$ cat target04.cif   # mmCIF, N, CA and C atoms
data_upload
loop_
_atom_site.label_atom_id
_atom_site.label_comp_id
_atom_site.auth_asym_id
_atom_site.auth_seq_id
_atom_site.Cartn_x
_atom_site.Cartn_y
_atom_site.Cartn_z
N MET A 9 -28.19 13.67 -10.10
CA MET A 9 -28.21 12.30 -10.57
C MET A 9 -27.20 11.49 -9.75
N ASN A 10 -27.65 10.40 -9.15
CA ASN A 10 -26.71 9.59 -8.36
C ASN A 10 -25.96 8.62 -9.28
N LEU A 11 -25.03 7.89 -8.69
CA LEU A 11 -24.15 7.02 -9.46
C LEU A 11 -24.93 5.92 -10.18
N PHE A 12 -25.96 5.39 -9.54
CA PHE A 12 -26.77 4.33 -10.15
C PHE A 12 -27.44 4.84 -11.42
N ASP A 13 -28.01 6.03 -11.36
CA ASP A 13 -28.68 6.61 -12.53
C ASP A 13 -27.67 6.94 -13.63
N THR A 14 -26.49 7.38 -13.24
CA THR A 14 -25.44 7.67 -14.21
C THR A 14 -25.04 6.42 -14.97
N ILE A 15 -24.89 5.31 -14.24
CA ILE A 15 -24.53 4.03 -14.88
C ILE A 15 -25.62 3.62 -15.87
N ASN A 16 -26.89 3.75 -15.47
CA ASN A 16 -27.99 3.40 -16.37
C ASN A 16 -27.95 4.23 -17.64
N ALA A 17 -27.73 5.52 -17.51
CA ALA A 17 -27.66 6.40 -18.68
C ALA A 17 -26.47 6.02 -19.57
N ASP A 18 -25.35 5.68 -18.95
CA ASP A 18 -24.17 5.31 -19.72
C ASP A 18 -24.34 3.97 -20.42
N ILE A 19 -25.13 3.07 -19.84
CA ILE A 19 -25.43 1.80 -20.50
C ILE A 19 -26.16 2.07 -21.82
N LYS A 20 -27.12 2.97 -21.76
CA LYS A 20 -27.88 3.30 -22.98
C LYS A 20 -26.97 3.90 -24.04
N SER A 21 -26.09 4.81 -23.63
CA SER A 21 -25.20 5.43 -24.62
C SER A 21 -24.20 4.42 -25.18
N ALA A 22 -23.74 3.47 -24.35
CA ALA A 22 -22.82 2.44 -24.83
C ALA A 22 -23.52 1.50 -25.81
N MET A 23 -24.80 1.24 -25.56
CA MET A 23 -25.58 0.40 -26.50
C MET A 23 -25.69 1.09 -27.86
N LEU A 24 -26.03 2.36 -27.82
CA LEU A 24 -26.19 3.11 -29.07
C LEU A 24 -24.87 3.23 -29.83
N ALA A 25 -23.79 3.37 -29.11
CA ALA A 25 -22.48 3.49 -29.74
C ALA A 25 -21.87 2.13 -30.09
N ARG A 26 -22.53 1.06 -29.68
CA ARG A 26 -22.07 -0.32 -29.92
C ARG A 26 -20.67 -0.57 -29.36
N GLU A 27 -20.45 -0.09 -28.14
CA GLU A 27 -19.17 -0.29 -27.46
C GLU A 27 -19.29 -1.53 -26.59
N LYS A 28 -18.87 -2.65 -27.13
CA LYS A 28 -19.09 -3.94 -26.48
C LYS A 28 -18.43 -4.07 -25.10
N VAL A 29 -17.14 -3.73 -25.02
CA VAL A 29 -16.41 -3.89 -23.75
C VAL A 29 -16.97 -2.94 -22.69
N ARG A 30 -17.21 -1.70 -23.09
CA ARG A 30 -17.76 -0.72 -22.15
C ARG A 30 -19.13 -1.16 -21.65
N LEU A 31 -19.96 -1.65 -22.57
CA LEU A 31 -21.30 -2.10 -22.21
C LEU A 31 -21.23 -3.28 -21.24
N GLU A 32 -20.34 -4.20 -21.50
CA GLU A 32 -20.17 -5.36 -20.62
C GLU A 32 -19.75 -4.93 -19.21
N ALA A 33 -18.81 -4.00 -19.12
CA ALA A 33 -18.35 -3.51 -17.83
C ALA A 33 -19.47 -2.78 -17.10
N LEU A 34 -20.20 -1.94 -17.80
CA LEU A 34 -21.30 -1.19 -17.18
C LEU A 34 -22.41 -2.12 -16.70
N ARG A 35 -22.70 -3.15 -17.46
CA ARG A 35 -23.72 -4.12 -17.02
C ARG A 35 -23.26 -4.86 -15.77
N GLY A 36 -21.97 -5.15 -15.69
CA GLY A 36 -21.42 -5.78 -14.48
C GLY A 36 -21.56 -4.87 -13.27
N ILE A 37 -21.30 -3.57 -13.47
CA ILE A 37 -21.46 -2.60 -12.39
C ILE A 37 -22.91 -2.54 -11.96
N LYS A 38 -23.82 -2.47 -12.93
CA LYS A 38 -25.25 -2.38 -12.61
C LYS A 38 -25.70 -3.62 -11.84
N LYS A 39 -25.21 -4.78 -12.23
CA LYS A 39 -25.55 -6.03 -11.54
C LYS A 39 -25.16 -5.96 -10.07
N GLU A 40 -23.92 -5.50 -9.82
CA GLU A 40 -23.45 -5.39 -8.44
C GLU A 40 -24.29 -4.38 -7.66
N PHE A 41 -24.64 -3.27 -8.29
CA PHE A 41 -25.46 -2.25 -7.64
C PHE A 41 -26.84 -2.81 -7.30
N LEU A 42 -27.44 -3.54 -8.23
CA LEU A 42 -28.77 -4.12 -7.98
C LEU A 42 -28.73 -5.15 -6.86
N GLU A 43 -27.68 -5.94 -6.83
CA GLU A 43 -27.54 -6.92 -5.74
C GLU A 43 -27.42 -6.22 -4.40
N ALA A 44 -26.68 -5.12 -4.35
CA ALA A 44 -26.53 -4.36 -3.11
C ALA A 44 -27.85 -3.70 -2.71
N LYS A 45 -28.60 -3.23 -3.69
CA LYS A 45 -29.89 -2.58 -3.41
C LYS A 45 -30.91 -3.55 -2.84
N THR A 46 -30.88 -4.79 -3.33
CA THR A 46 -31.88 -5.77 -2.91
C THR A 46 -31.41 -6.68 -1.79
N ALA A 47 -30.22 -6.42 -1.27
CA ALA A 47 -29.70 -7.22 -0.16
C ALA A 47 -30.56 -6.99 1.08
N PRO A 48 -30.67 -8.00 1.93
CA PRO A 48 -31.44 -7.81 3.17
C PRO A 48 -30.87 -6.65 3.99
N GLY A 49 -31.75 -5.77 4.42
CA GLY A 49 -31.34 -4.64 5.24
C GLY A 49 -30.99 -3.40 4.45
N ALA A 50 -30.95 -3.50 3.12
CA ALA A 50 -30.58 -2.34 2.30
C ALA A 50 -31.75 -1.38 2.12
N GLY A 51 -32.95 -1.87 2.21
CA GLY A 51 -34.13 -1.02 2.09
C GLY A 51 -34.38 -0.54 0.66
N GLY A 52 -33.80 -1.20 -0.32
CA GLY A 52 -34.03 -0.83 -1.71
C GLY A 52 -33.30 0.42 -2.15
N GLU A 53 -32.41 0.94 -1.33
CA GLU A 53 -31.66 2.14 -1.66
C GLU A 53 -30.17 1.83 -1.73
N LEU A 54 -29.46 2.61 -2.52
CA LEU A 54 -28.01 2.47 -2.64
C LEU A 54 -27.39 3.86 -2.59
N SER A 55 -26.70 4.14 -1.50
CA SER A 55 -26.07 5.46 -1.38
C SER A 55 -24.85 5.53 -2.29
N ASP A 56 -24.41 6.73 -2.59
CA ASP A 56 -23.22 6.89 -3.43
C ASP A 56 -21.97 6.35 -2.73
N ASP A 57 -21.95 6.43 -1.39
CA ASP A 57 -20.81 5.87 -0.64
C ASP A 57 -20.73 4.36 -0.83
N ALA A 58 -21.89 3.69 -0.72
CA ALA A 58 -21.92 2.24 -0.90
C ALA A 58 -21.57 1.88 -2.34
N ALA A 59 -22.05 2.67 -3.29
CA ALA A 59 -21.74 2.43 -4.70
C ALA A 59 -20.24 2.59 -4.95
N MET A 60 -19.64 3.58 -4.31
CA MET A 60 -18.20 3.82 -4.47
C MET A 60 -17.40 2.63 -3.93
N LYS A 61 -17.84 2.07 -2.81
CA LYS A 61 -17.16 0.91 -2.24
C LYS A 61 -17.24 -0.27 -3.20
N ILE A 62 -18.38 -0.44 -3.84
CA ILE A 62 -18.56 -1.52 -4.81
C ILE A 62 -17.61 -1.31 -5.99
N LEU A 63 -17.51 -0.09 -6.47
CA LEU A 63 -16.62 0.20 -7.60
C LEU A 63 -15.16 -0.04 -7.25
N VAL A 64 -14.77 0.34 -6.03
CA VAL A 64 -13.38 0.10 -5.59
C VAL A 64 -13.10 -1.39 -5.56
N LYS A 65 -14.06 -2.15 -5.04
CA LYS A 65 -13.91 -3.61 -4.96
C LYS A 65 -13.81 -4.22 -6.36
N MET A 66 -14.64 -3.75 -7.27
CA MET A 66 -14.62 -4.28 -8.63
C MET A 66 -13.30 -3.94 -9.33
N ALA A 67 -12.80 -2.74 -9.12
CA ALA A 67 -11.52 -2.34 -9.73
C ALA A 67 -10.39 -3.23 -9.21
N LYS A 68 -10.40 -3.48 -7.91
CA LYS A 68 -9.37 -4.33 -7.31
C LYS A 68 -9.44 -5.74 -7.89
N GLN A 69 -10.66 -6.27 -8.06
CA GLN A 69 -10.83 -7.60 -8.64
C GLN A 69 -10.28 -7.66 -10.05
N ARG A 70 -10.55 -6.63 -10.85
CA ARG A 70 -10.07 -6.61 -12.24
C ARG A 70 -8.54 -6.55 -12.28
N ARG A 71 -7.94 -5.75 -11.40
CA ARG A 71 -6.47 -5.67 -11.36
C ARG A 71 -5.86 -7.03 -11.02
N GLU A 72 -6.42 -7.68 -10.00
CA GLU A 72 -5.89 -8.98 -9.57
C GLU A 72 -6.08 -10.03 -10.65
N SER A 73 -7.24 -10.03 -11.29
CA SER A 73 -7.51 -11.00 -12.35
C SER A 73 -6.55 -10.80 -13.52
N ALA A 74 -6.33 -9.55 -13.90
CA ALA A 74 -5.42 -9.26 -15.00
C ALA A 74 -4.01 -9.74 -14.67
N GLN A 75 -3.59 -9.54 -13.43
CA GLN A 75 -2.26 -9.99 -13.01
C GLN A 75 -2.14 -11.51 -13.10
N ILE A 76 -3.17 -12.20 -12.65
CA ILE A 76 -3.16 -13.67 -12.70
C ILE A 76 -3.12 -14.15 -14.15
N TYR A 77 -3.93 -13.52 -15.02
CA TYR A 77 -3.93 -13.91 -16.43
C TYR A 77 -2.57 -13.66 -17.08
N LYS A 78 -1.90 -12.58 -16.71
CA LYS A 78 -0.57 -12.31 -17.26
C LYS A 78 0.42 -13.38 -16.81
N GLU A 79 0.34 -13.76 -15.53
CA GLU A 79 1.24 -14.79 -15.00
C GLU A 79 1.01 -16.13 -15.68
N GLN A 80 -0.23 -16.40 -16.08
CA GLN A 80 -0.56 -17.67 -16.72
C GLN A 80 -0.47 -17.60 -18.24
N ASN A 81 0.15 -16.52 -18.74
CA ASN A 81 0.36 -16.32 -20.16
C ASN A 81 -0.94 -16.35 -20.96
N ARG A 82 -1.94 -15.60 -20.47
CA ARG A 82 -3.23 -15.46 -21.16
C ARG A 82 -3.49 -13.98 -21.45
N PRO A 83 -2.71 -13.39 -22.35
CA PRO A 83 -2.79 -11.95 -22.58
C PRO A 83 -4.16 -11.47 -23.07
N GLU A 84 -4.89 -12.30 -23.81
CA GLU A 84 -6.20 -11.87 -24.31
C GLU A 84 -7.20 -11.69 -23.17
N LEU A 85 -7.13 -12.54 -22.17
CA LEU A 85 -8.01 -12.39 -21.01
C LEU A 85 -7.58 -11.21 -20.13
N ALA A 86 -6.29 -11.05 -19.98
CA ALA A 86 -5.77 -9.92 -19.19
C ALA A 86 -6.17 -8.60 -19.85
N GLU A 87 -6.10 -8.56 -21.17
CA GLU A 87 -6.46 -7.34 -21.91
C GLU A 87 -7.93 -6.98 -21.68
N ASN A 88 -8.80 -7.98 -21.66
CA ASN A 88 -10.23 -7.74 -21.41
C ASN A 88 -10.45 -7.20 -20.00
N GLU A 89 -9.77 -7.78 -19.02
CA GLU A 89 -9.91 -7.31 -17.63
C GLU A 89 -9.42 -5.87 -17.50
N LEU A 90 -8.32 -5.54 -18.16
CA LEU A 90 -7.78 -4.19 -18.09
C LEU A 90 -8.70 -3.18 -18.79
N ALA A 91 -9.36 -3.61 -19.86
CA ALA A 91 -10.30 -2.74 -20.54
C ALA A 91 -11.50 -2.44 -19.65
N GLU A 92 -12.00 -3.46 -18.95
CA GLU A 92 -13.11 -3.26 -18.01
C GLU A 92 -12.65 -2.38 -16.84
N LEU A 93 -11.44 -2.58 -16.39
CA LEU A 93 -10.89 -1.77 -15.30
C LEU A 93 -10.86 -0.29 -15.70
N ALA A 94 -10.50 -0.02 -16.93
CA ALA A 94 -10.45 1.37 -17.41
C ALA A 94 -11.84 2.00 -17.36
N VAL A 95 -12.86 1.24 -17.68
CA VAL A 95 -14.24 1.75 -17.63
C VAL A 95 -14.63 2.02 -16.18
N ILE A 96 -14.33 1.09 -15.29
CA ILE A 96 -14.68 1.24 -13.87
C ILE A 96 -13.97 2.46 -13.28
N GLU A 97 -12.70 2.65 -13.65
CA GLU A 97 -11.92 3.75 -13.09
C GLU A 97 -12.46 5.12 -13.49
N THR A 98 -13.23 5.20 -14.56
CA THR A 98 -13.80 6.50 -14.95
C THR A 98 -14.81 7.00 -13.93
N TYR A 99 -15.36 6.11 -13.11
CA TYR A 99 -16.35 6.48 -12.10
C TYR A 99 -15.73 6.67 -10.72
N LEU A 100 -14.45 6.35 -10.59
CA LEU A 100 -13.76 6.51 -9.32
C LEU A 100 -13.09 7.88 -9.26
N PRO A 101 -12.95 8.45 -8.05
CA PRO A 101 -12.23 9.72 -7.96
C PRO A 101 -10.76 9.53 -8.33
N LYS A 102 -10.11 10.63 -8.71
CA LYS A 102 -8.71 10.59 -9.10
C LYS A 102 -7.87 10.10 -7.92
N PRO A 103 -6.99 9.10 -8.14
CA PRO A 103 -6.17 8.59 -7.04
C PRO A 103 -5.19 9.65 -6.53
N LEU A 104 -4.89 9.56 -5.25
CA LEU A 104 -3.95 10.51 -4.62
C LEU A 104 -2.51 10.15 -4.96
N THR A 105 -1.69 11.16 -5.12
CA THR A 105 -0.26 10.92 -5.27
C THR A 105 0.31 10.63 -3.88
N ASP A 106 1.57 10.22 -3.84
CA ASP A 106 2.20 9.90 -2.56
C ASP A 106 2.25 11.13 -1.65
N ALA A 107 2.57 12.28 -2.21
CA ALA A 107 2.65 13.51 -1.42
C ALA A 107 1.27 13.92 -0.90
N GLU A 108 0.25 13.80 -1.75
CA GLU A 108 -1.12 14.14 -1.34
C GLU A 108 -1.60 13.20 -0.24
N LEU A 109 -1.27 11.91 -0.39
CA LEU A 109 -1.66 10.92 0.62
C LEU A 109 -1.01 11.25 1.96
N THR A 110 0.27 11.58 1.94
CA THR A 110 0.98 11.94 3.17
C THR A 110 0.33 13.15 3.84
N ALA A 111 0.01 14.17 3.04
CA ALA A 111 -0.60 15.38 3.58
C ALA A 111 -1.96 15.09 4.20
N GLU A 112 -2.78 14.31 3.51
CA GLU A 112 -4.11 13.96 4.02
C GLU A 112 -3.99 13.16 5.32
N LEU A 113 -3.08 12.20 5.34
CA LEU A 113 -2.92 11.37 6.54
C LEU A 113 -2.37 12.17 7.72
N GLU A 114 -1.50 13.14 7.46
CA GLU A 114 -1.00 13.98 8.54
C GLU A 114 -2.14 14.79 9.16
N LYS A 115 -3.05 15.28 8.33
CA LYS A 115 -4.22 16.01 8.84
C LYS A 115 -5.09 15.09 9.70
N ILE A 116 -5.32 13.88 9.21
CA ILE A 116 -6.16 12.92 9.95
C ILE A 116 -5.51 12.55 11.27
N ILE A 117 -4.20 12.30 11.26
CA ILE A 117 -3.48 11.95 12.49
C ILE A 117 -3.59 13.09 13.50
N ALA A 118 -3.45 14.33 13.03
CA ALA A 118 -3.55 15.49 13.92
C ALA A 118 -4.97 15.62 14.49
N SER A 119 -5.98 15.40 13.66
CA SER A 119 -7.37 15.54 14.14
C SER A 119 -7.74 14.44 15.13
N VAL A 120 -7.20 13.24 14.94
CA VAL A 120 -7.49 12.13 15.86
C VAL A 120 -6.65 12.26 17.12
N GLY A 121 -5.49 12.87 16.99
CA GLY A 121 -4.61 13.05 18.15
C GLY A 121 -3.74 11.83 18.40
N ALA A 122 -3.50 11.03 17.38
CA ALA A 122 -2.66 9.84 17.53
C ALA A 122 -1.19 10.25 17.53
N SER A 123 -0.41 9.54 18.34
CA SER A 123 1.01 9.89 18.41
C SER A 123 1.92 8.67 18.42
N SER A 124 1.35 7.48 18.49
CA SER A 124 2.19 6.29 18.51
C SER A 124 1.58 5.19 17.63
N PRO A 125 2.40 4.23 17.22
CA PRO A 125 1.89 3.13 16.39
C PRO A 125 0.76 2.33 17.06
N ALA A 126 0.66 2.40 18.37
CA ALA A 126 -0.40 1.69 19.08
C ALA A 126 -1.78 2.27 18.75
N GLU A 127 -1.81 3.52 18.30
CA GLU A 127 -3.08 4.18 17.97
C GLU A 127 -3.40 4.12 16.48
N MET A 128 -2.77 3.20 15.79
CA MET A 128 -2.96 3.06 14.34
C MET A 128 -4.41 2.74 13.99
N GLY A 129 -5.07 1.96 14.83
CA GLY A 129 -6.47 1.57 14.57
C GLY A 129 -7.39 2.77 14.48
N LYS A 130 -7.21 3.74 15.36
CA LYS A 130 -8.02 4.96 15.34
C LYS A 130 -7.86 5.69 14.01
N VAL A 131 -6.61 5.84 13.62
CA VAL A 131 -6.29 6.58 12.39
C VAL A 131 -6.83 5.83 11.17
N MET A 132 -6.64 4.53 11.13
CA MET A 132 -7.08 3.74 9.98
C MET A 132 -8.59 3.80 9.81
N GLY A 133 -9.33 3.80 10.90
CA GLY A 133 -10.79 3.88 10.82
C GLY A 133 -11.25 5.14 10.11
N VAL A 134 -10.65 6.26 10.51
CA VAL A 134 -11.01 7.55 9.91
C VAL A 134 -10.46 7.65 8.49
N ALA A 135 -9.20 7.24 8.31
CA ALA A 135 -8.53 7.38 7.01
C ALA A 135 -9.18 6.52 5.93
N SER A 136 -9.56 5.30 6.27
CA SER A 136 -10.14 4.43 5.25
C SER A 136 -11.48 4.97 4.76
N LYS A 137 -12.24 5.63 5.63
CA LYS A 137 -13.50 6.23 5.20
C LYS A 137 -13.25 7.50 4.40
N ALA A 138 -12.34 8.33 4.87
CA ALA A 138 -12.07 9.62 4.23
C ALA A 138 -11.42 9.46 2.86
N LEU A 139 -10.61 8.44 2.70
CA LEU A 139 -9.85 8.28 1.45
C LEU A 139 -10.36 7.14 0.58
N ALA A 140 -11.57 6.66 0.86
CA ALA A 140 -12.14 5.54 0.10
C ALA A 140 -12.17 5.86 -1.39
N GLY A 141 -11.63 4.94 -2.18
CA GLY A 141 -11.63 5.10 -3.61
C GLY A 141 -10.49 5.95 -4.15
N ARG A 142 -9.84 6.71 -3.28
CA ARG A 142 -8.76 7.59 -3.73
C ARG A 142 -7.39 7.02 -3.41
N ALA A 143 -7.34 6.02 -2.53
CA ALA A 143 -6.06 5.39 -2.19
C ALA A 143 -6.32 3.94 -1.78
N ASP A 144 -5.38 3.08 -2.09
CA ASP A 144 -5.46 1.67 -1.76
C ASP A 144 -5.27 1.47 -0.25
N GLY A 145 -6.00 0.53 0.33
CA GLY A 145 -5.92 0.27 1.76
C GLY A 145 -4.51 -0.07 2.23
N ARG A 146 -3.77 -0.83 1.41
CA ARG A 146 -2.40 -1.19 1.79
C ARG A 146 -1.51 0.03 1.82
N ALA A 147 -1.69 0.91 0.85
CA ALA A 147 -0.88 2.13 0.79
C ALA A 147 -1.18 3.02 1.99
N ILE A 148 -2.45 3.12 2.35
CA ILE A 148 -2.85 3.92 3.51
C ILE A 148 -2.21 3.35 4.77
N SER A 149 -2.33 2.04 4.94
CA SER A 149 -1.80 1.37 6.12
C SER A 149 -0.29 1.56 6.24
N ALA A 150 0.43 1.38 5.14
CA ALA A 150 1.88 1.52 5.18
C ALA A 150 2.28 2.95 5.51
N LYS A 151 1.58 3.91 4.93
CA LYS A 151 1.91 5.32 5.17
C LYS A 151 1.59 5.72 6.61
N VAL A 152 0.46 5.24 7.14
CA VAL A 152 0.08 5.54 8.53
C VAL A 152 1.13 4.97 9.47
N ARG A 153 1.54 3.73 9.23
CA ARG A 153 2.56 3.09 10.06
C ARG A 153 3.86 3.91 10.03
N GLU A 154 4.23 4.34 8.83
CA GLU A 154 5.46 5.13 8.68
C GLU A 154 5.35 6.47 9.43
N LEU A 155 4.22 7.15 9.30
CA LEU A 155 4.05 8.45 9.95
C LEU A 155 3.97 8.34 11.47
N LEU A 156 3.34 7.29 11.98
CA LEU A 156 3.20 7.14 13.43
C LEU A 156 4.48 6.65 14.09
N SER A 157 5.38 6.03 13.33
CA SER A 157 6.61 5.52 13.94
C SER A 157 7.73 6.57 13.96
N LYS A 158 7.44 7.77 13.45
CA LYS A 158 8.46 8.84 13.46
C LYS A 158 8.61 9.41 14.85
#
$ encode --input "target04.cif" --output "structure tokens"
Amino acid sequence: MNLFDTINADIKSAMLAREKVRLEALRGIKKEFLEAKTAPGAGGELSDDAAMKILVKMAKQRRESAQIYKEQNRPELAENELAELAVIETYLPKPLTDAELTAELEKIIASVGASSPAEMGKVMGVASKALAGRADGRAISAKVRELLSK
């Protein structure tokens, strides 16, 4: 069962359980998936990699929205965004710890053969694909810069 089918099945179970927030979040995910499936050039298919990218993007949007709502003293809206974020995160792989991220990036740097900060682009290309959904792009970039400048 791919991610799209899993979301559809979970929508049904959320409806039966009358979980309003979860249902709303799942419908938002399904909407994004359908838009990606019907986009020009998609061919009516949605790979799990593309679905994962959509989920990462949605999680990032929810985090940023919640932060803005907190800054504007709107805790009820921030709470809703964080609840939806929790639902989205259940479909994302477990995030890497700092030590795990360092270990993964050291392997990638060794496989690419990068040795200086000038070769950061090579490493980032491989690392962003390999660690998609498991680490934030900024964290990857900062760690790669730190490892290459040693």
$ resolve_selection --input "target04.cif" --expression "the PyMOL selection byres (((chain A and resi 39 and name CA) around 12) and name CA)" --output "ChimeraX atom specification"
/A:12,15-16,19,32-38,40-46,59,62-63,66
$ residues_near_point --input "target04.cif" --point "(-8.9, 9.5, -1.8)" --cutoff "7 Å" --atoms "all atoms listed in the file" --output "mmCIF file with N, CA and C atoms, in the frame of the given file"
data_model
loop_
_atom_site.group_PDB
_atom_site.id
_atom_site.type_symbol
_atom_site.label_atom_id
_atom_site.label_comp_id
_atom_site.auth_asym_id
_atom_site.auth_seq_id
_atom_site.Cartn_x
_atom_site.Cartn_y
_atom_site.Cartn_z
ATOM 1 N N PRO A 101 -12.950 8.450 -8.050
ATOM 2 C CA PRO A 101 -12.230 9.720 -7.960
ATOM 3 C C PRO A 101 -10.760 9.530 -8.330
ATOM 4 N N LYS A 102 -10.110 10.630 -8.710
ATOM 5 C CA LYS A 102 -8.710 10.590 -9.100
ATOM 6 C C LYS A 102 -7.870 10.100 -7.920
ATOM 7 N N PRO A 103 -6.990 9.100 -8.140
ATOM 8 C CA PRO A 103 -6.170 8.590 -7.040
ATOM 9 C C PRO A 103 -5.190 9.650 -6.530
ATOM 10 N N LEU A 104 -4.890 9.560 -5.250
ATOM 11 C CA LEU A 104 -3.950 10.510 -4.620
ATOM 12 C C LEU A 104 -2.510 10.150 -4.960
ATOM 13 N N ALA A 138 -12.340 8.330 4.870
ATOM 14 C CA ALA A 138 -12.070 9.620 4.230
ATOM 15 C C ALA A 138 -11.420 9.460 2.860
ATOM 16 N N LEU A 139 -10.610 8.440 2.700
ATOM 17 C CA LEU A 139 -9.850 8.280 1.450
ATOM 18 C C LEU A 139 -10.360 7.140 0.580
ATOM 19 N N ALA A 140 -11.570 6.660 0.860
ATOM 20 C CA ALA A 140 -12.140 5.540 0.100
ATOM 21 C C ALA A 140 -12.170 5.860 -1.390
ATOM 22 N N GLY A 141 -11.630 4.940 -2.180
ATOM 23 C CA GLY A 141 -11.630 5.100 -3.610
ATOM 24 C C GLY A 141 -10.490 5.950 -4.150
ATOM 25 N N ARG A 142 -9.840 6.710 -3.280
ATOM 26 C CA ARG A 142 -8.760 7.590 -3.730
ATOM 27 C C ARG A 142 -7.390 7.020 -3.410
ATOM 28 N N ALA A 143 -7.340 6.020 -2.530
ATOM 29 C CA ALA A 143 -6.060 5.390 -2.190
ATOM 30 C C ALA A 143 -6.320 3.940 -1.780
#
$ atom_distance --input "target04.cif" --atom1 "atom CA of A:Leu11" --atom2 "atom N of A:Met60"
7.7 Å
$ axis_aligned_box --input "target04.cif" --around "stretch 86-89 of chain A" --padding-each-side "8 Å" --output "JSON"
{"center_x": -8.1, "center_y": -8.5, "center_z": -19.7, "size_x": 20.7, "size_y": 21.2, "size_z": 20.4}
$ atom_distance --input "target04.cif" --atom1 "atom N of A:Leu155" --atom2 "atom CA of A:Val134"
15.2 Å
$ atom_distance --input "target04.cif" --atom1 "atom CA of A:Gly51" --atom2 "atom CA of A:Asn10"
16.6 Å
$ closest_residue --input "target04.cif" --among "A:Ala126, A:Leu156, A:Leu100, A:Met132" --to "A:Asp56" --atoms "only C-alpha atoms"
A:Leu100
$ residues_near_point --input "target04.cif" --point "(-1.5, 6.6, 15.2)" --cutoff "7 Å" --atoms "all atoms listed in the file" --output "number ranges by chain"
A: 117, 121-132, 152, 155-156
$ select_by_dssp --input "target04.cif" --residues "chain A" --states "alpha helix (DSSP H)" --output "VMD selection string"
chain A and resid 11 to 25 28 to 45 56 to 79 83 to 97 106 to 120 128 to 138 145 to 156
$ closest_residue --input "target04.cif" --among "A:Ala86, A:Val95, A:Ala25, A:Ala118" --to "A:Ala74" --atoms "all atoms listed in the file"
A:Ala86
